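Here the structure comes first, spelled out in structure tokens, and everything after it is commentary.
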Protein chains: 2
Amino acid sequence: MTDMTVPVSRNTRRSDALSRDRIVEAAVEVLDATGEAGLTVRALTAHLSTGRGAIYHHVVNKEELLAAAVDEIVGRATAAAGDDDDPGRAIRALALGIFDAIDAHPWVGTQLSREPRQPAVFRIWRSVGSQLQRLGVPAAAMAAAGSALVNYVLGAAAQYAAGARRATGDADRKAYLATLAAQWAQHDPDPIVQEAAARLDDHDDREQFLAGVEIFLTGITAVAARG
Amino acid sequence: MTDMTVPVSRNTRRSDALSRDRIVEAAVEVLDATGEAGLTVRALTAHLSTGRGAIYHHVVNKEELLAAAVDEIVGRATAAAGDDDDPGRAIRALALGIFDAIDAHPWVGTQLSREPRQPAVFRIWRSVGSQLQRLGVPAAAMAAAGSALVNYVLGAAAQYAAGARRATGDADRKAYLATLAAQWAQHDPDPIVQEAAARLDDHDDREQFLAGVEIFLTGITAVAARG
DNA sequence: ACCTGAACACCGTTCAAGT
DNA sequence: ACCTGAACACCGTTCAAGT
């Protein structure tokens, strides 16, 4: 069993005033160290060495806190990938940035698809929309194109997050996929499932995620051209 | 004289043995009536008029129970939409079947994207895979095509579920989308967001979901042809 | 074998009381 | 104003005890 305890803050500057930003930062640390289930108000107050009620002085409730933590990570990812001259490359970079953020912080993937009205989702919509516009997608097709890409990215995020949750790093992920493939193959005699399982066993899901983005880009270009 | 024997309970099914199927059926009823948060072991035992521990005689834990409830609904949806001669039409029907199932049972949408290793997700993979095969997607492209489509459907499922959770029926959903659009527009001055919000206000999300399926089908066909 | 329901080890959130 | 921590109203799960 791995030790799941969160290290107590290096130096108890209890005299610092608590703030929303400090609480969100602490939430990210607790989530990274112990996962979604590990973020309890009690764990958070222990990490900040304060009382439970103090949290509620700066944050409405746990849901809002989680949304803020997700937005923190997604904000970094979208900011890091926005400055490519070619909009197609910018979209691939944006998608990969989100993928890698979820690989590093699996709780982000799960939380992103739980609530469409959260800041982080607005942020993704905005980035996707601006790149699709630069790509030349006409206004009439924008809503369909944007939601197709956003839904794909969020769907993939949630699915891959389950793998990343159990296994971070390349080797671990390969092992996870092998197990998953075995489970599928055992669970279902259908030849298509068997085939998919066999391929799952030795593919790179980061590459597969990108292949999906490629399919979308090809589709949106063709649909926009004939629409 | 009237018969004075008071029936202990009109619900004589109490004497029926409890079974896994009966428990799953009851879980679906509780979920439909009170939503995800309403499915507690206590509520379920009340609905079945039994003790808490009895549940654990037939079901491993709450997570497995939820997965079984989701599979029940998704099973009906995939069965209803599998017999079209044209694989393209069959895929659209399959996607719409899942969309409508989530509209009627919003908790399905949220739960589907939470765990890739659940029976309902296998089921969707299987249906999608078999139709893509009939569509002529070569084996080498199958994993990418399948995961693109499945991830899109699951991502959309989760996003639309949030709308359906608050508003079932056409009029309510329109009202929800109008509120969401207003919230976006207020939250963000970016012209692209403003544009998206304006369109969100008067579109049909069922139609938009289908437009996304169309984009992916077009992309898959084009990529498979040149691959 | 199947079921019961009290007990256990947790939750998020509130609020009178302190500084 | 900001913080504390006991108290409240819940959870899912277990298990000795009953039939």
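Ordering of the structure tokens sets the chain letters (A, B, ...); residue numbers start at 1 within each chain; ligands are numbered from 1 in the order shown.
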
Select, as a PDB file with N, CA, C and O atoms (P, O5', C5', C4', C3', O3' and C1' of nucleotides), in the first residue's frame, those residues of chain D with any atom no more than 10 Å from chain B (distances computed using only C-alpha atoms (C1' of nucleotides)).
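Now in out30.pdb:
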```pdb
ATOM      1  P    DC D  11     -29.214  10.172   3.050  1.00  0.00           P
ATOM      2  O5'  DC D  11     -27.881   9.779   2.306  1.00  0.00           O
ATOM      3  C5'  DC D  11     -27.017   8.871   2.948  1.00  0.00           C
ATOM      4  C4'  DC D  11     -25.633   8.967   2.389  1.00  0.00           C
ATOM      5  C3'  DC D  11     -25.075   7.585   2.144  1.00  0.00           C
ATOM      6  O3'  DC D  11     -25.055   7.368   0.748  1.00  0.00           O
ATOM      7  C1'  DC D  11     -23.789   8.698   3.819  1.00  0.00           C
ATOM      8  P    DG D  12     -25.580   5.969   0.183  1.00  0.00           P
ATOM      9  O5'  DG D  12     -24.298   5.063   0.428  1.00  0.00           O
ATOM     10  C5'  DG D  12     -23.095   5.368  -0.233  1.00  0.00           C
ATOM     11  C4'  DG D  12     -22.005   4.441   0.258  1.00  0.00           C
ATOM     12  C3'  DG D  12     -22.273   2.960  -0.026  1.00  0.00           C
ATOM     13  O3'  DG D  12     -21.032   2.350  -0.360  1.00  0.00           O
ATOM     14  C1'  DG D  12     -22.124   3.318   2.320  1.00  0.00           C
ATOM     15  P    DT D  13     -20.955   0.811  -0.792  1.00  0.00           P
ATOM     16  O5'  DT D  13     -20.710   0.105   0.614  1.00  0.00           O
ATOM     17  C5'  DT D  13     -19.573   0.500   1.374  1.00  0.00           C
ATOM     18  C4'  DT D  13     -19.511  -0.280   2.665  1.00  0.00           C
ATOM     19  C3'  DT D  13     -19.789  -1.787   2.523  1.00  0.00           C
ATOM     20  O3'  DT D  13     -18.645  -2.470   2.990  1.00  0.00           O
ATOM     21  C1'  DT D  13     -20.977  -0.853   4.362  1.00  0.00           C
ATOM     22  P    DT D  14     -18.610  -4.078   3.038  1.00  0.00           P
ATOM     23  O5'  DT D  14     -18.886  -4.354   4.584  1.00  0.00           O
ATOM     24  C5'  DT D  14     -18.107  -3.640   5.537  1.00  0.00           C
ATOM     25  C4'  DT D  14     -18.488  -4.042   6.957  1.00  0.00           C
ATOM     26  C3'  DT D  14     -18.576  -5.556   7.185  1.00  0.00           C
ATOM     27  O3'  DT D  14     -17.925  -5.826   8.411  1.00  0.00           O
ATOM     28  C1'  DT D  14     -20.589  -4.520   7.870  1.00  0.00           C
ATOM     29  P    DC D  15     -17.419  -7.299   8.752  1.00  0.00           P
ATOM     30  O5'  DC D  15     -18.440  -7.745   9.889  1.00  0.00           O
ATOM     31  C5'  DC D  15     -18.890  -6.797  10.866  1.00  0.00           C
ATOM     32  C4'  DC D  15     -19.987  -7.411  11.714  1.00  0.00           C
ATOM     33  C3'  DC D  15     -20.045  -8.940  11.678  1.00  0.00           C
ATOM     34  O3'  DC D  15     -20.462  -9.403  12.949  1.00  0.00           O
ATOM     35  C1'  DC D  15     -22.085  -8.076  10.922  1.00  0.00           C
TER      36       DC D  15
END
```

Query raised in the report: Given a cut-off of 8 Å, which residues of chain A touch chain B, counting only C-alpha atoms, written out as a VMD selection string?
Result: chain A and resid 110 113 to 117 122 125 to 126 129 to 130 142 to 145 147 to 149 151 to 156 158 to 159 162 180 184 190 192 to 193 196 199 to 200 208 to 209 211 to 213 215 to 220 222 to 223

**Report entry** Point-to-point distance from atom CA of Pro138 of chain B to atom CA of Arg226 of chain B, Å rounded to tenths
**Finding:**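 According to the coordinates, atom CA of Pro138 of chain B and atom CA of Arg226 of chain B are separated by 11.2 Å.
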
Query raised in the report: Which polymer residues have any atom within 7 Å of an atom of Thr78 of chain B, counting only C-alpha atoms (C1' of nucleotides), with same-chain residues fewer than 3 positions away left out, as an NGL selection string?
Result: :B and (74-75 or 81-82 or 94 or 97)

Could you take the residues named above and write them with all heavy atoms, as a compact mmCIF listing (two decimals), in the first residue's frame?
```
# COMPACT_ATOMS: atom_id res chain seq x y z
N VAL B 74 -29.27 1.32 -21.36
CA VAL B 74 -28.51 1.34 -22.61
C VAL B 74 -28.82 0.08 -23.44
O VAL B 74 -28.89 0.13 -24.66
CB VAL B 74 -27.00 1.46 -22.33
CG1 VAL B 74 -26.19 1.25 -23.60
CG2 VAL B 74 -26.69 2.83 -21.74
N GLY B 75 -29.04 -1.02 -22.76
CA GLY B 75 -29.39 -2.27 -23.45
C GLY B 75 -30.66 -2.11 -24.26
O GLY B 75 -30.73 -2.53 -25.42
N ALA B 81 -32.31 -0.06 -31.83
CA ALA B 81 -31.77 0.60 -33.01
C ALA B 81 -30.63 -0.19 -33.64
O ALA B 81 -29.50 0.26 -33.66
CB ALA B 81 -31.30 2.01 -32.65
N GLY B 82 -30.91 -1.36 -34.15
CA GLY B 82 -29.82 -2.12 -34.74
C GLY B 82 -30.13 -2.75 -36.09
O GLY B 82 -29.26 -3.36 -36.70
N LEU B 94 -28.57 4.53 -33.80
CA LEU B 94 -27.95 4.11 -32.54
C LEU B 94 -27.63 5.32 -31.68
O LEU B 94 -27.96 5.36 -30.48
CB LEU B 94 -26.67 3.32 -32.86
CG LEU B 94 -25.80 2.91 -31.68
CD1 LEU B 94 -26.55 1.93 -30.79
CD2 LEU B 94 -24.50 2.28 -32.17
N GLY B 97 -30.74 6.89 -30.39
CA GLY B 97 -31.32 6.05 -29.34
C GLY B 97 -30.67 6.32 -28.00
O GLY B 97 -31.34 6.43 -26.97
```

Query raised in the report: Any idea what's packed within 12 Å of DA1 of chain D, counting only C-alpha atoms (C1' of nucleotides), ignoring anything in its chain fewer than 4 positions away? Could you give it as a list in words?
Result: Ala17, Ala54 and His57 of chain A; DT19 of chain C

With N, CA, C and O atoms (P, O5', C5', C4', C3', O3' and C1' of nucleotides) retained, could you export that selection as a compact mmCIF listing (two decimals), in the first residue's frame?
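Writing the result to part_34.txt gives the following:
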```txt
# COMPACT_ATOMS: atom_id res chain seq x y z
N ALA A 17 -3.00 35.22 6.08
CA ALA A 17 -4.45 35.17 5.98
C ALA A 17 -4.82 34.09 4.97
O ALA A 17 -4.12 33.87 3.98
N ALA A 54 -13.66 27.65 8.23
CA ALA A 54 -12.87 28.72 7.61
C ALA A 54 -12.97 28.65 6.09
O ALA A 54 -13.03 29.68 5.40
N HIS A 57 -15.77 30.45 4.49
CA HIS A 57 -15.69 31.90 4.48
C HIS A 57 -15.23 32.42 3.13
O HIS A 57 -15.48 33.57 2.77
P DT C 19 -10.41 33.59 23.27
O5' DT C 19 -10.03 34.42 21.96
C5' DT C 19 -8.96 34.01 21.12
C4' DT C 19 -8.74 35.04 20.05
C3' DT C 19 -8.52 36.45 20.58
O3' DT C 19 -7.15 36.68 20.81
C1' DT C 19 -9.98 36.43 18.67
```

Query raised in the report: Of the candidates A:Ala101, A:Ile23, A:Ile55, A:Ala93, which one gets nearest to DC3 of chain D if we count only C-alpha atoms (C1' of nucleotides)?
Result: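 Ranked by minimum distance to DC3 of chain D, first place goes to A:Ile55.
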
Query raised in the report: If we count only C-alpha atoms (C1' of nucleotides), what is near Ala69 of chain A at a cut-off of 12 Å, once residues fewer than 4 positions away on the same chain are taken out, given as a PyMOL selection string?
Result: chain A and resi 20-32+36+39+59+62-65+73-76+105+107-109+111-112+118-120

Shell of 9 Å around Leu135 of chain B, only C-alpha atoms (C1' of nucleotides), local chain residues under 3 positions omitted, as a compact mmCIF listing (two decimals) with all heavy atoms, in the first residue's frame:
```
# COMPACT_ATOMS: atom_id res chain seq x y z
N ASP B 86 -28.84 0.03 -44.03
CA ASP B 86 -27.77 0.97 -44.31
C ASP B 86 -26.99 1.26 -43.03
O ASP B 86 -27.55 1.76 -42.05
CB ASP B 86 -28.37 2.27 -44.86
CG ASP B 86 -27.31 3.32 -45.12
OD1 ASP B 86 -26.41 3.04 -45.92
OD2 ASP B 86 -27.37 4.39 -44.49
N PRO B 87 -25.69 0.92 -43.00
CA PRO B 87 -24.92 1.08 -41.77
C PRO B 87 -24.83 2.54 -41.30
O PRO B 87 -24.79 2.80 -40.10
CB PRO B 87 -23.54 0.52 -42.11
CG PRO B 87 -23.48 0.47 -43.59
CD PRO B 87 -24.88 0.32 -44.08
N GLY B 88 -24.79 3.47 -42.25
CA GLY B 88 -24.76 4.89 -41.87
C GLY B 88 -26.03 5.27 -41.12
O GLY B 88 -25.96 5.91 -40.05
N SER B 130 -19.61 -2.89 -34.76
CA SER B 130 -20.22 -3.75 -35.78
C SER B 130 -20.76 -2.92 -36.94
O SER B 130 -20.68 -3.33 -38.10
CB SER B 130 -21.30 -4.64 -35.15
OG SER B 130 -22.58 -4.08 -35.28
N GLN B 131 -21.29 -1.74 -36.65
CA GLN B 131 -21.80 -0.89 -37.75
C GLN B 131 -20.65 -0.30 -38.56
O GLN B 131 -20.75 -0.18 -39.78
CB GLN B 131 -22.68 0.23 -37.19
CG GLN B 131 -23.94 -0.24 -36.46
CD GLN B 131 -24.85 -1.10 -37.32
OE1 GLN B 131 -24.77 -1.08 -38.55
NE2 GLN B 131 -25.69 -1.89 -36.66
N LEU B 132 -19.56 0.08 -37.88
CA LEU B 132 -18.42 0.63 -38.61
C LEU B 132 -17.82 -0.43 -39.54
O LEU B 132 -17.36 -0.12 -40.64
CB LEU B 132 -17.34 1.14 -37.64
CG LEU B 132 -17.66 2.45 -36.91
CD1 LEU B 132 -16.53 2.82 -35.95
CD2 LEU B 132 -17.92 3.59 -37.89
N THR B 221 -15.05 8.22 -42.99
CA THR B 221 -15.10 7.75 -44.38
C THR B 221 -13.90 8.28 -45.17
O THR B 221 -13.22 7.53 -45.88
CB THR B 221 -16.41 8.22 -45.05
OG1 THR B 221 -17.50 7.89 -44.21
CG2 THR B 221 -16.59 7.54 -46.39
```

Report task. Could you check how far atom CA of Asp83 of chain A sits from atom CA of Arg206 of chain A, in Å to one decimal? Result -> 21.5 Å

Requested in this report: Enter the distance from atom CA of Ala67 of chain B to atom CA of Ser19 of chain B, in Å, rounded to one decimal.
Outcome: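 Pair atom CA of Ala67 of chain B / atom CA of Ser19 of chain B returns 16.4 Å.
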